[in-house]
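In what follows, a structure is listed as C-alpha cells, so that the remarks can point back to it.
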Amino acid sequence: MEFHYSTDGIAARKRPEFWNDAVAAQFMPADGQFSAGEEFSGSLDGHTVGNVSVGRFSALHHCFERTEQRIRRDSIDDFVLLFCESGTTLSTQQGRTVTLQSGDIALNDSARPFLHDLDTDSLLLLRMPRTMVLSRFARAESMVNVRLDQSQPMVRLLSEMLRESFRIDENAPSSAKARFASAMVDTFTSVLEIQSQSDSTMLGGRHEQLYKLAMDYIEAHLDDYELSIDSLANMLHVSERTLSRIFAVRGTTVMQQIWRRRLDASYAVLKEGKVKQVTQAAYQCGFADLSHFCRLFKKVYGESPSTILRAR
C-alpha cells in the first residue's frame with residue numbers, strides 16, 4: 001500500500017493538524033510544535049513492504065513530542081528507525097540525546113516518550129513491529145537512541161537497503177516483499193548485536209554484563225522446556241537472589257522475560273509464515289502445554305495463534 005501526504009493545497013492554518021495526522025497514521029502518534037509566524041510545509045511519501053512501512057519525510061523545522069499521555073491513549077508500540085539523509089534531527093529518548101546528521105541512523109521506541117527537533121530535507125523512516133525486532137535481538141530496547149556506527153560495514157549495507165526499499169514495485173509479489181522486509185530487519189538487528197557487543201558503554205558494569213549474558217542464554221534456549229531461574233543462575237555461576245535483583249531493577253523477573261520472549265518468538269514465526277501449524281510454533285518456542293500456550297497468547301495479543309496463522 002502506497003501513501004502520499006503533502007501540505008501543498010492545504011490552508012496554512014490547517015497544515016499543522018494535517019501534518020500531525022499524516023505522521024501519526026503511518027508511523028507514530030505525537031504532538032507537533034511549529035514555529036510561530038512561520039508557514040509550515042512538509043511531505044511524506046512511502047509504502048508498506050511486507051510487515052514494515054518505509055517513508056521519506058521532508059519538512060520545515062518543527063518538533064514532535066510523544067508524551068506518556070499519548071502512549072496511554074493509543075496502543076502502538078512499534079520500533080521506528082530514523083535515517084537522516086540530509087539536514088539535522090535532534091532526538092531525545094530514554095535519557096539519551098543524539099544529533100543525527102547526514103548518514104546517521106538511530107532507533108526510536110514508540111512505547112516510550114520522545115522529543116524530536118527536526119530540521120531535515122530528507123529523513124527516511126522504517127516502522128517495524130516490535131515482535132519482529134525482539135524475536136531477532138532481544139536486547140534491542142537497550143539500543144534505543146544510540147547512533148549506529150557508520151564505520152561498521154553492515155551499517156552501510158543497511159543504508160542502501162533503506163534507500164532501495166523505495167524502488168520496490170508496489171505490484172511485486174507479496175512473498176518477495178515480505179522476504180525483503182525480513183532481510184532489512186535481519187540486517188538491522190545484526191547491526192545492533194554487533195554494536196552492542198563492541199560498545200563498552202552499553203555494558204556498564206558486572207550486573208549489566210550478567211543481564212546481557214542471561215538474555216543471550218534465554219534467547220538461545222527458548223525451546224528448552226526446563227529453562228528456569230535456577231538453571232539460568234547455575235549457568236551464570238551466580239545466586240538466584242542476585243539474578244532476581246538484576247532483573248528487578250528493570251521492572252521484570254527472569255520468568256516473565258522467558259515467557260515474554262517465548263511469546264514474541266512464537267508470534268514472529270506465525271506472523272511471518274515460518275511454521276504451518278500452531279503446534280509447531282508452540283513447541284519450538286518452549287511451550288510444552290498447547291492449551292496454556294493458546295490462552296496466554298490470546299491474553300497478550302488479543303487474537304488466537306490460529307487467527308494469526310490464517311491471516312498469512
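Letters A, B, ... mark the chains of the C-alpha cells in the order given; residue numbers begin at 1 per chain; ligand numbers begin at 1, in order shown.
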
For Ile168 (chain A), please output as an NGL selection string all residues within 10 Å (counting only C-alpha atoms; exclusion window: fewer than 6 positions along the same chain). :A and (47-49 or 176-177 or 180)

Taking only region 98-303 of chain A into account, list the residues labelled strand (DSSP E or B) by DSSP (computed from the backbone), as an mmCIF file with C-alpha atoms, in the first residue's frame.
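Here's the written file part-v1.cif:
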```cif
data_model
loop_
_atom_site.group_PDB
_atom_site.id
_atom_site.type_symbol
_atom_site.label_atom_id
_atom_site.label_comp_id
_atom_site.auth_asym_id
_atom_site.auth_seq_id
_atom_site.Cartn_x
_atom_site.Cartn_y
_atom_site.Cartn_z
ATOM 1 C CA VAL A 98 21.608 12.214 19.937
ATOM 2 C CA THR A 99 22.128 14.529 16.973
ATOM 3 C CA LEU A 100 21.643 12.810 13.630
ATOM 4 C CA ILE A 105 20.857 6.147 11.864
ATOM 5 C CA ALA A 106 19.218 5.606 15.266
ATOM 6 C CA LEU A 107 16.349 3.571 16.708
ATOM 7 C CA ASN A 108 13.267 5.025 18.396
ATOM 8 C CA ASP A 109 10.691 3.208 20.510
ATOM 9 C CA PHE A 114 10.483 11.047 22.993
ATOM 10 C CA LEU A 115 11.157 14.516 21.646
ATOM 11 C CA HIS A 116 12.365 15.134 18.084
ATOM 12 C CA ASP A 117 13.657 18.503 16.896
ATOM 13 C CA LEU A 118 13.522 18.158 13.109
ATOM 14 C CA ASP A 119 15.300 20.367 10.609
ATOM 15 C CA THR A 120 15.738 17.969 7.719
ATOM 16 C CA ASP A 121 15.337 17.893 3.969
ATOM 17 C CA SER A 122 15.191 14.101 3.886
ATOM 18 C CA LEU A 123 14.571 11.686 6.756
ATOM 19 C CA LEU A 124 13.922 8.015 5.984
ATOM 20 C CA LEU A 125 11.687 6.145 8.414
ATOM 21 C CA LEU A 126 11.323 2.392 8.863
ATOM 22 C CA ARG A 127 8.470 1.262 11.098
ATOM 23 C CA MET A 128 8.918 -2.322 12.339
#
```

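With only C-alpha atoms taken into account, the protein and nucleic acid residues at most 12 Å from Leu243 (chain A) (excluding it and anything under 6 positions from it in its own chain) are Arg206, His207, Glu208, Gln209, Leu210, Tyr211, Lys212, Leu213, Ala214, Met215, Ser228, Ile229, Asp230, Ser231, Leu232, Ala233, Asn234, Met235, Leu236, His237, Val249, Arg250, Thr252, Thr253, Val254 and Met255 of chain A.
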
Among the residues of region 101-243 of chain A, find those DSSP assigns to helix (DSSP H, G or I) from the backbone and print them as JSON, numbers by chain. {"A": [130, 131, 132, 133, 134, 140, 141, 142, 143, 153, 154, 155, 156, 157, 158, 159, 160, 161, 162, 163, 164, 165, 166, 167, 174, 175, 176, 177, 178, 179, 180, 181, 182, 183, 184, 185, 186, 187, 188, 189, 190, 191, 192, 193, 194, 195, 196, 197, 198, 200, 201, 202, 206, 207, 208, 209, 210, 211, 212, 213, 214, 215, 216, 217, 218, 219, 220, 229, 230, 231, 232, 233, 234, 235, 236, 240, 241, 242, 243]}

List every residue of region 127-220 of chain A that has an atom at most 10 Å from any atom of region 86-94 of chain A, and for each one report the closest atom pair and its distance in Å to one decimal, counting only C-alpha atoms, with rows sorted by chain and then by increasing residue number, as a tab-separated table.
```
residue	atom	partner	partner_atom	distance
A:Glu141	CA	A:Gln94	CA	9.6
A:Ser142	CA	A:Gln94	CA	9.2
A:Met143	CA	A:Gln94	CA	9.8
A:Val144	CA	A:Gln94	CA	7.2
A:Asn145	CA	A:Gln93	CA	6.2
A:Val146	CA	A:Gln93	CA	9.6
```

Measuring atom to atom with only C-alpha atoms, identify which of A:Leu222, A:Val238, A:Ala22, A:Met184 is nearest to Ala281 (chain A). A:Leu222

Rounded to one decimal place, report the CA of Ile10 (chain A)-CA of Phe40 (chain A) distance in Å. 10.4 Å

Write out as a PyMOL selection string each polymer residue whose atoms come within 6 Å of Cys84 (chain A), counting only C-alpha atoms; drop sequence neighbours fewer than 5 positions from it. chain A and resi 101-104+123

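Nearest residue to Glu65 (chain A), choosing from A:Gln284, A:Ser35, A:Ser53, A:Asn20 and counting only C-alpha atoms: A:Asn20.
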
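Between CA of Phe166 (chain A) and CA of Phe3 (chain A) the separation is 11.8 Å.
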
Given the choices A:Cys285, A:Ser304, A:Cys294, A:Glu272, which gets closest to Pro129 (chain A) if the distance is worked out from only C-alpha atoms? A:Glu272

Point out the residue among A:Arg130, A:Arg56, A:Arg295, A:Arg139 with the least atom-to-atom distance to Ile218 (chain A), counting only C-alpha atoms.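 Residue with the minimum atom-to-atom distance to Ile218 (chain A): A:Arg139.
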
Would you mind listing what lies within 10 Å of Thr189 (chain A) as a PDB file with N, CA, C and O atoms, in the first residue's frame, with only C-alpha atoms counted and same-chain residues fewer than 6 positions away left out?
```pdb
ATOM      1  N   MET A 132       8.777  -8.415  15.689  1.00  0.00           N
ATOM      2  CA  MET A 132       9.670  -8.757  14.584  1.00  0.00           C
ATOM      3  C   MET A 132      11.117  -8.424  14.949  1.00  0.00           C
ATOM      4  O   MET A 132      12.053  -9.154  14.594  1.00  0.00           O
ATOM      5  N   VAL A 133      11.302  -7.326  15.682  1.00  0.00           N
ATOM      6  CA  VAL A 133      12.646  -6.909  16.088  1.00  0.00           C
ATOM      7  C   VAL A 133      13.144  -7.750  17.262  1.00  0.00           C
ATOM      8  O   VAL A 133      14.253  -8.306  17.239  1.00  0.00           O
ATOM      9  N   LEU A 134      12.306  -7.873  18.307  1.00  0.00           N
ATOM     10  CA  LEU A 134      12.746  -8.568  19.515  1.00  0.00           C
ATOM     11  C   LEU A 134      12.948 -10.057  19.298  1.00  0.00           C
ATOM     12  O   LEU A 134      13.730 -10.693  20.016  1.00  0.00           O
ATOM     13  N   SER A 135      12.254 -10.632  18.317  1.00  0.00           N
ATOM     14  CA  SER A 135      12.459 -12.056  18.036  1.00  0.00           C
ATOM     15  C   SER A 135      13.843 -12.310  17.458  1.00  0.00           C
ATOM     16  O   SER A 135      14.360 -13.424  17.517  1.00  0.00           O
ATOM     17  N   ARG A 136      14.463 -11.251  16.899  1.00  0.00           N
ATOM     18  CA  ARG A 136      15.795 -11.378  16.312  1.00  0.00           C
ATOM     19  C   ARG A 136      16.894 -10.900  17.258  1.00  0.00           C
ATOM     20  O   ARG A 136      18.003 -11.417  17.234  1.00  0.00           O
ATOM     21  N   PHE A 137      16.581  -9.888  18.070  1.00  0.00           N
ATOM     22  CA  PHE A 137      17.573  -9.364  19.008  1.00  0.00           C
ATOM     23  C   PHE A 137      16.832  -8.889  20.252  1.00  0.00           C
ATOM     24  O   PHE A 137      16.235  -7.809  20.267  1.00  0.00           O
ATOM     25  N   ALA A 138      16.868  -9.709  21.288  1.00  0.00           N
ATOM     26  CA  ALA A 138      16.040  -9.483  22.479  1.00  0.00           C
ATOM     27  C   ALA A 138      16.391  -8.212  23.229  1.00  0.00           C
ATOM     28  O   ALA A 138      15.563  -7.672  23.958  1.00  0.00           O
ATOM     29  N   ARG A 139      17.624  -7.721  23.056  1.00  0.00           N
ATOM     30  CA  ARG A 139      18.067  -6.543  23.807  1.00  0.00           C
ATOM     31  C   ARG A 139      17.990  -5.253  22.988  1.00  0.00           C
ATOM     32  O   ARG A 139      18.679  -4.285  23.291  1.00  0.00           O
ATOM     33  N   ALA A 140      17.138  -5.235  21.977  1.00  0.00           N
ATOM     34  CA  ALA A 140      17.025  -4.043  21.130  1.00  0.00           C
ATOM     35  C   ALA A 140      16.651  -2.799  21.937  1.00  0.00           C
ATOM     36  O   ALA A 140      17.105  -1.690  21.623  1.00  0.00           O
ATOM     37  N   ALA A 183      14.654  -9.351   5.430  1.00  0.00           N
ATOM     38  CA  ALA A 183      16.095  -9.157   5.249  1.00  0.00           C
ATOM     39  C   ALA A 183      16.548  -7.819   5.834  1.00  0.00           C
ATOM     40  O   ALA A 183      17.638  -7.721   6.427  1.00  0.00           O
ATOM     41  N   GLN A 195      27.123  -3.978  17.370  1.00  0.00           N
ATOM     42  CA  GLN A 195      27.497  -2.750  18.065  1.00  0.00           C
ATOM     43  C   GLN A 195      27.385  -2.899  19.577  1.00  0.00           C
ATOM     44  O   GLN A 195      28.227  -2.397  20.316  1.00  0.00           O
TER      45      GLN A 195
END
```

Atom pair CA of Phe79 (chain A) / CA of Ser110 (chain A): separation (Å):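 Atom-to-atom, CA of Phe79 (chain A) to CA of Ser110 (chain A), that is 6.1 Å.
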
What lies within 10 Å of Val278 (chain A) using only C-alpha atoms, ignoring chain neighbours under 6 positions off, as an MDAnalysis selection string? chainID A and resid 266 269:270 290 293:294 304:309

How about saving the chosen residues, N, CA and C atoms kept, as a PDB file, in the first residue's frame?
```
ATOM      1  N   SER A 266       7.122 -16.916  19.203  1.00  0.00           N
ATOM      2  CA  SER A 266       6.021 -17.672  18.585  1.00  0.00           C
ATOM      3  C   SER A 266       5.182 -16.775  17.690  1.00  0.00           C
ATOM      4  N   VAL A 269       7.126 -16.242  14.336  1.00  0.00           N
ATOM      5  CA  VAL A 269       7.140 -17.356  13.373  1.00  0.00           C
ATOM      6  C   VAL A 269       5.759 -17.575  12.762  1.00  0.00           C
ATOM      7  N   LEU A 270       4.707 -17.296  13.531  1.00  0.00           N
ATOM      8  CA  LEU A 270       3.347 -17.407  12.990  1.00  0.00           C
ATOM      9  C   LEU A 270       3.072 -16.293  11.987  1.00  0.00           C
ATOM     10  N   LEU A 290       0.008 -27.044  24.986  1.00  0.00           N
ATOM     11  CA  LEU A 290      -0.583 -26.283  23.885  1.00  0.00           C
ATOM     12  C   LEU A 290      -1.740 -25.402  24.348  1.00  0.00           C
ATOM     13  N   PHE A 293      -0.414 -22.408  26.123  1.00  0.00           N
ATOM     14  CA  PHE A 293       0.156 -21.505  25.122  1.00  0.00           C
ATOM     15  C   PHE A 293      -0.929 -20.663  24.455  1.00  0.00           C
ATOM     16  N   CYS A 294      -2.015 -21.303  24.016  1.00  0.00           N
ATOM     17  CA  CYS A 294      -3.085 -20.588  23.304  1.00  0.00           C
ATOM     18  C   CYS A 294      -3.753 -19.558  24.198  1.00  0.00           C
ATOM     19  N   SER A 304      -6.076 -15.322  18.735  1.00  0.00           N
ATOM     20  CA  SER A 304      -5.553 -16.664  18.928  1.00  0.00           C
ATOM     21  C   SER A 304      -4.400 -16.926  17.955  1.00  0.00           C
ATOM     22  N   PRO A 305      -3.515 -17.873  18.272  1.00  0.00           N
ATOM     23  CA  PRO A 305      -2.424 -18.212  17.352  1.00  0.00           C
ATOM     24  C   PRO A 305      -2.932 -18.644  15.978  1.00  0.00           C
ATOM     25  N   SER A 306      -4.038 -19.383  15.950  1.00  0.00           N
ATOM     26  CA  SER A 306      -4.575 -19.855  14.669  1.00  0.00           C
ATOM     27  C   SER A 306      -5.068 -18.697  13.802  1.00  0.00           C
ATOM     28  N   THR A 307      -5.586 -17.648  14.435  1.00  0.00           N
ATOM     29  CA  THR A 307      -6.031 -16.466  13.684  1.00  0.00           C
ATOM     30  C   THR A 307      -4.846 -15.785  13.010  1.00  0.00           C
ATOM     31  N   ILE A 308      -3.731 -15.637  13.752  1.00  0.00           N
ATOM     32  CA  ILE A 308      -2.525 -15.037  13.168  1.00  0.00           C
ATOM     33  C   ILE A 308      -2.006 -15.880  12.020  1.00  0.00           C
ATOM     34  N   LEU A 309      -2.028 -17.204  12.191  1.00  0.00           N
ATOM     35  CA  LEU A 309      -1.516 -18.093  11.145  1.00  0.00           C
ATOM     36  C   LEU A 309      -2.387 -18.048   9.904  1.00  0.00           C
TER      37      LEU A 309
END
```
